[in-house]
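What follows is one structure encoded as structure tokens, with my remarks underneath.
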Amino acid sequence: MQLLIQSPLDPTFVQNPYALYAEVFTGDTIRYWQDYEMPAIFDAANVQSVLRDRGFGRATPADQIEPLRPHLAAFNAVEAVSMLDLEPPDHTRLRGLVLRAFTSRKIKALAPDIHDICDTLIAALPPHGCDLIPAFCTALPVRIIARLLGVPEDISGDLLRWSNAMVAMYQAGRTLQTEQAANAAAIEFTAFLSDYIDIKRRNPQDDLISHLLRAEDNGEKLSRDELIGTCILLLNAGHEATVHTMGNAVKALLEHETPASALTDQNIATTVEEVLRFDPPLHMFTRYSYQDTTIGGHIIRSGQQVALVLGAAGRDPTLCKDPDVFDPFRAPVAHAAFGGGLHFCVGAPLARLELQIGLQRLFAACPHLALSRSPEFANAYHFHGLKRLDVTY
């Protein structure tokens, strides 16, 4: 297997990982990424194949589980019940409970809330320009998640702080300080949710926590820890991805001088899918191989971890013509921005709805929206989102 050496902390790479991806596509699209000490799969066909192959999974093989470290006790307690890192039957049970509460009807019913929050955020924009990441891209999804869960929107600041600290654990360059901050956030987040679960148990409403509590009361084996872990996962995964995609979408639309017709009701869904293909929010997701297998002519041994480079899969030249060109009017192209298989993003329908409504409302309110400086991505591969998005309008 050909060796690939590329530090995920290299600023040039973080700002434009697509240059490396394009180089990989000129040869073998499965390389041994030395910096991660694992094979990395870049092409769309093999990425999709592994995502759907039950011989690969997220759960750590038993012989690779490391001893628990006391300074990460609270964080690990949340991770232990996260369906993101579980396989059947536990994953099947937890995901089924969430989907029972996270119905298409419930998601569609959030549309008025999304419009309402957009109105509030747009009205609060400074007179001439701002950094859109905190003012709009971050604020919209975190408020929606708060409404979905049924927790007060006025704690959005705490939700963001907890989420950012915990998500940092999955980024390159993790340090002891990162771990301590994540554990502290897990302690605070768990305590808040534990108290709030008691409130919802006494006074249930039409929200996700109440629905999950009713499922538990109806005989489903949903423990308190599982309920807390599920709520934390929905915030961390759903919020992080939507923030990055919203920022990346505005950047792409402005840099390519996209016509307003791309945001009409007839075209907005296709535009969002093109953004997800062209500049997705998550560039790498890993799987463990549970058996010896062959992928793309390469042997993957049982217990070996592999990196699926989702960001590269959307730029695969076999997917579409001119994959490095942003074209919201092209026929929809299958992408891996939401993963696939058993772990396909449960919040994908909500993320799509937020992006479609949010982009339409923002550009309708600010028809002269323009970049005031070149956007800069945060130094956080394999998450791929902007550090700042300075605009005028």
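Chain identifiers are assigned as A, B, and so on, following the order in which chains appear in the structure tokens; residues are numbered from 1 within each chain, and ligands are numbered from 1 in order of appearance.
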| request: Could you give me, as JSON, numbers by chain, each residue of range 90-330 of chain A that DSSP assigns to alpha helix (DSSP H) when run on this structure's backbone? | output: {"A": [90, 91, 92, 93, 94, 95, 96, 97, 98, 99, 100, 101, 104, 105, 106, 107, 108, 111, 112, 113, 114, 115, 116, 117, 118, 119, 120, 121, 122, 123, 132, 139, 140, 141, 142, 143, 144, 145, 146, 147, 148, 149, 156, 157, 158, 159, 160, 161, 162, 163, 164, 165, 166, 167, 176, 177, 178, 179, 180, 181, 182, 183, 184, 185, 186, 187, 188, 189, 190, 191, 192, 193, 194, 195, 196, 197, 198, 199, 200, 201, 202, 208, 209, 210, 211, 212, 213, 214, 215, 216, 217, 224, 225, 226, 227, 228, 229, 230, 231, 232, 233, 234, 235, 236, 237, 238, 239, 240, 241, 242, 243, 244, 245, 246, 247, 248, 249, 250, 251, 252, 253, 254, 255, 268, 269, 270, 271, 272, 273, 274, 275, 276, 277, 278, 310, 311, 312, 313]}
| request: Find the residues near range 201-209 of chain A: any atom within 7 Å, counting only C-alpha atoms, skip ones fewer than 4 places away on the same chain, and give them as a PyMOL selection string. | output: chain A and resi 101+148-150+197+213
| field | Residues within 10 Å of Ser163 in chain A, only C-alpha atoms, excluding chain neighbours under 4 positions, as a list in words | value |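 Those residues are Val142, Gly157, Asp158, Leu159, Val167, Ala168, Ala182, Ala185, Ala186, Phe189, Ile232, Leu233, Leu235, Asn236, Ala237, His239 and Glu240 of chain A.
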| query | Leaving out range 110-122 of chain A and any residue of its chain fewer than 4 positions from it, which residues lie within 9 Å of it when counting only C-alpha atoms, given as a ChimeraX atom specification? | reply | /A:105-106,126,135-136,139-141,143-144,147-148,350,353-354,357-358,361-362,365-366
| field | Those of range 155-303 of chain A in DSSP strand (DSSP E or B), formatted as a PyMOL selection string | value | chain A and resi 282+285-289+293-295+298-300
Save the residues we just selected, N, CA and C atoms, as a PDB file, in the first residue's frame?
ATOM      1  N   LEU A 282     -17.676  17.412   7.509  1.00  0.00           N
ATOM      2  CA  LEU A 282     -16.846  16.386   8.136  1.00  0.00           C
ATOM      3  C   LEU A 282     -16.046  15.692   7.045  1.00  0.00           C
ATOM      4  N   PHE A 285     -14.085  10.037   8.784  1.00  0.00           N
ATOM      5  CA  PHE A 285     -14.811   9.238   9.763  1.00  0.00           C
ATOM      6  C   PHE A 285     -14.158   7.866   9.745  1.00  0.00           C
ATOM      7  N   THR A 286     -13.969   7.251  10.893  1.00  0.00           N
ATOM      8  CA  THR A 286     -13.232   5.993  10.942  1.00  0.00           C
ATOM      9  C   THR A 286     -14.147   4.800  11.203  1.00  0.00           C
ATOM     10  N   ARG A 287     -13.677   3.631  10.798  1.00  0.00           N
ATOM     11  CA  ARG A 287     -14.337   2.354  11.061  1.00  0.00           C
ATOM     12  C   ARG A 287     -13.271   1.323  11.453  1.00  0.00           C
ATOM     13  N   TYR A 288     -13.686   0.345  12.251  1.00  0.00           N
ATOM     14  CA  TYR A 288     -12.840  -0.812  12.532  1.00  0.00           C
ATOM     15  C   TYR A 288     -13.262  -1.961  11.631  1.00  0.00           C
ATOM     16  N   SER A 289     -12.288  -2.711  11.168  1.00  0.00           N
ATOM     17  CA  SER A 289     -12.593  -3.924  10.424  1.00  0.00           C
ATOM     18  C   SER A 289     -12.750  -5.066  11.412  1.00  0.00           C
ATOM     19  N   THR A 293     -10.409  -8.608   5.273  1.00  0.00           N
ATOM     20  CA  THR A 293     -11.166  -8.338   4.052  1.00  0.00           C
ATOM     21  C   THR A 293     -10.271  -7.646   3.043  1.00  0.00           C
ATOM     22  N   THR A 294     -10.721  -7.575   1.813  1.00  0.00           N
ATOM     23  CA  THR A 294      -9.961  -6.907   0.752  1.00  0.00           C
ATOM     24  C   THR A 294     -10.786  -5.761   0.193  1.00  0.00           C
ATOM     25  N   ILE A 295     -10.191  -4.588   0.182  1.00  0.00           N
ATOM     26  CA  ILE A 295     -10.843  -3.386  -0.356  1.00  0.00           C
ATOM     27  C   ILE A 295      -9.926  -2.787  -1.411  1.00  0.00           C
ATOM     28  N   HIS A 298      -6.514  -4.164  -1.653  1.00  0.00           N
ATOM     29  CA  HIS A 298      -5.671  -4.104  -0.461  1.00  0.00           C
ATOM     30  C   HIS A 298      -6.294  -4.913   0.671  1.00  0.00           C
ATOM     31  N   ILE A 299      -5.468  -5.654   1.392  1.00  0.00           N
ATOM     32  CA  ILE A 299      -5.953  -6.461   2.512  1.00  0.00           C
ATOM     33  C   ILE A 299      -6.057  -5.587   3.757  1.00  0.00           C
ATOM     34  N   ILE A 300      -7.239  -5.583   4.367  1.00  0.00           N
ATOM     35  CA  ILE A 300      -7.463  -4.906   5.645  1.00  0.00           C
ATOM     36  C   ILE A 300      -7.625  -5.992   6.688  1.00  0.00           C
TER      37      ILE A 300
END
| said: If I take CA of Met83 in chain A and CA of Ile41 in chain A, how far is one from the other in Å, to one decimal? | reply: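 Interatomic distance, CA of Met83 in chain A to CA of Ile41 in chain A: 23.5 Å.
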| field | Within 12 Å of Leu308 in chain A using only C-alpha atoms, minus same-chain residues under 4 positions, as number ranges by chain | value | A: 29-33, 36, 38-51, 56-58, 282-288, 312-314, 336-337, 339-340, 382
Restricted to N, CA and C atoms, what would the selected residues look like written as a compact mmCIF listing (two decimals), in the first residue's frame?
# COMPACT_ATOMS: atom_id res chain seq x y z
N THR A 29 -6.30 5.16 -4.85
CA THR A 29 -7.13 5.96 -3.95
C THR A 29 -7.24 5.34 -2.55
N ILE A 30 -6.44 4.32 -2.28
CA ILE A 30 -6.33 3.78 -0.93
C ILE A 30 -4.85 3.85 -0.54
N ARG A 31 -4.56 4.65 0.47
CA ARG A 31 -3.17 4.88 0.89
C ARG A 31 -3.03 4.59 2.39
N TYR A 32 -1.83 4.30 2.82
CA TYR A 32 -1.55 4.20 4.26
C TYR A 32 -1.16 5.58 4.75
N TRP A 33 -2.06 6.22 5.51
CA TRP A 33 -1.82 7.59 5.98
C TRP A 33 -0.96 7.51 7.24
N TYR A 36 -1.85 9.17 10.66
CA TYR A 36 -2.94 8.55 11.41
C TYR A 36 -2.67 7.07 11.71
N MET A 38 -2.99 4.44 9.79
CA MET A 38 -4.06 3.58 9.31
C MET A 38 -4.27 3.78 7.81
N PRO A 39 -4.86 2.79 7.15
CA PRO A 39 -5.23 2.99 5.75
C PRO A 39 -6.30 4.06 5.63
N ALA A 40 -6.24 4.83 4.55
CA ALA A 40 -7.24 5.86 4.27
C ALA A 40 -7.84 5.61 2.90
N ILE A 41 -9.17 5.65 2.84
CA ILE A 41 -9.90 5.39 1.60
C ILE A 41 -10.48 6.70 1.09
N PHE A 42 -10.16 7.08 -0.14
CA PHE A 42 -10.54 8.38 -0.67
C PHE A 42 -11.66 8.31 -1.71
N ASP A 43 -11.76 7.23 -2.46
CA ASP A 43 -12.71 7.21 -3.58
C ASP A 43 -14.13 6.90 -3.11
N ALA A 44 -15.11 7.41 -3.85
CA ALA A 44 -16.51 7.32 -3.46
C ALA A 44 -17.01 5.89 -3.36
N ALA A 45 -16.67 5.06 -4.34
CA ALA A 45 -17.20 3.69 -4.37
C ALA A 45 -16.75 2.89 -3.16
N ASN A 46 -15.48 2.97 -2.81
CA ASN A 46 -14.99 2.19 -1.67
C ASN A 46 -15.41 2.80 -0.34
N VAL A 47 -15.51 4.13 -0.28
CA VAL A 47 -16.04 4.76 0.94
C VAL A 47 -17.46 4.28 1.20
N GLN A 48 -18.30 4.34 0.17
CA GLN A 48 -19.69 3.90 0.33
C GLN A 48 -19.77 2.41 0.65
N SER A 49 -18.90 1.62 0.05
CA SER A 49 -18.89 0.19 0.31
C SER A 49 -18.60 -0.11 1.77
N VAL A 50 -17.60 0.54 2.33
CA VAL A 50 -17.24 0.29 3.73
C VAL A 50 -18.33 0.82 4.67
N LEU A 51 -18.91 1.97 4.35
CA LEU A 51 -19.98 2.51 5.19
C LEU A 51 -21.14 1.53 5.32
N PHE A 56 -17.54 -3.90 8.94
CA PHE A 56 -16.85 -2.74 9.52
C PHE A 56 -17.80 -2.07 10.50
N GLY A 57 -17.27 -1.46 11.54
CA GLY A 57 -18.14 -0.79 12.51
C GLY A 57 -17.41 0.23 13.33
N ARG A 58 -18.18 0.91 14.18
CA ARG A 58 -17.64 1.98 15.01
C ARG A 58 -17.15 1.48 16.37
N LEU A 282 -17.68 17.41 7.51
CA LEU A 282 -16.85 16.39 8.14
C LEU A 282 -16.05 15.69 7.04
N HIS A 283 -14.73 15.71 7.18
CA HIS A 283 -13.89 15.17 6.11
C HIS A 283 -13.37 13.77 6.39
N MET A 284 -13.44 13.31 7.63
CA MET A 284 -12.94 11.97 7.92
C MET A 284 -13.79 11.32 9.00
N PHE A 285 -14.09 10.04 8.78
CA PHE A 285 -14.81 9.24 9.76
C PHE A 285 -14.16 7.87 9.74
N THR A 286 -13.97 7.25 10.89
CA THR A 286 -13.23 5.99 10.94
C THR A 286 -14.15 4.80 11.20
N ARG A 287 -13.68 3.63 10.80
CA ARG A 287 -14.34 2.35 11.06
C ARG A 287 -13.27 1.32 11.45
N TYR A 288 -13.69 0.34 12.25
CA TYR A 288 -12.84 -0.81 12.53
C TYR A 288 -13.26 -1.96 11.63
N ALA A 312 -13.09 13.80 0.45
CA ALA A 312 -12.53 13.45 -0.86
C ALA A 312 -13.56 12.72 -1.71
N ALA A 313 -14.41 11.90 -1.09
CA ALA A 313 -15.38 11.09 -1.84
C ALA A 313 -16.28 11.95 -2.71
N GLY A 314 -16.65 13.14 -2.22
CA GLY A 314 -17.51 14.03 -2.99
C GLY A 314 -16.82 14.66 -4.18
N ALA A 336 -21.26 11.58 0.53
CA ALA A 336 -21.14 10.86 1.80
C ALA A 336 -21.11 11.82 2.98
N ALA A 337 -21.62 13.04 2.79
CA ALA A 337 -21.55 14.05 3.85
C ALA A 337 -22.28 13.63 5.12
N GLY A 339 -22.58 10.39 6.00
CA GLY A 339 -22.20 9.02 6.28
C GLY A 339 -23.03 8.04 5.46
N GLY A 340 -23.26 6.86 6.03
CA GLY A 340 -24.03 5.86 5.32
C GLY A 340 -24.18 4.60 6.14
N HIS A 382 -10.38 16.85 11.28
CA HIS A 382 -11.17 16.55 10.11
C HIS A 382 -12.53 17.20 10.09
| For Val272 in chain A, which of A:Asp28, A:Asp292, A:Asp327, A:Asp316 is the closest residue, counting only C-alpha atoms? |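 Once distances to Val272 in chain A are computed over only C-alpha atoms, the minimum belongs to A:Asp327.
With CA of Met1 in chain A on one side and CA of Leu86 in chain A on the other, the separation reads 29.4 Å.
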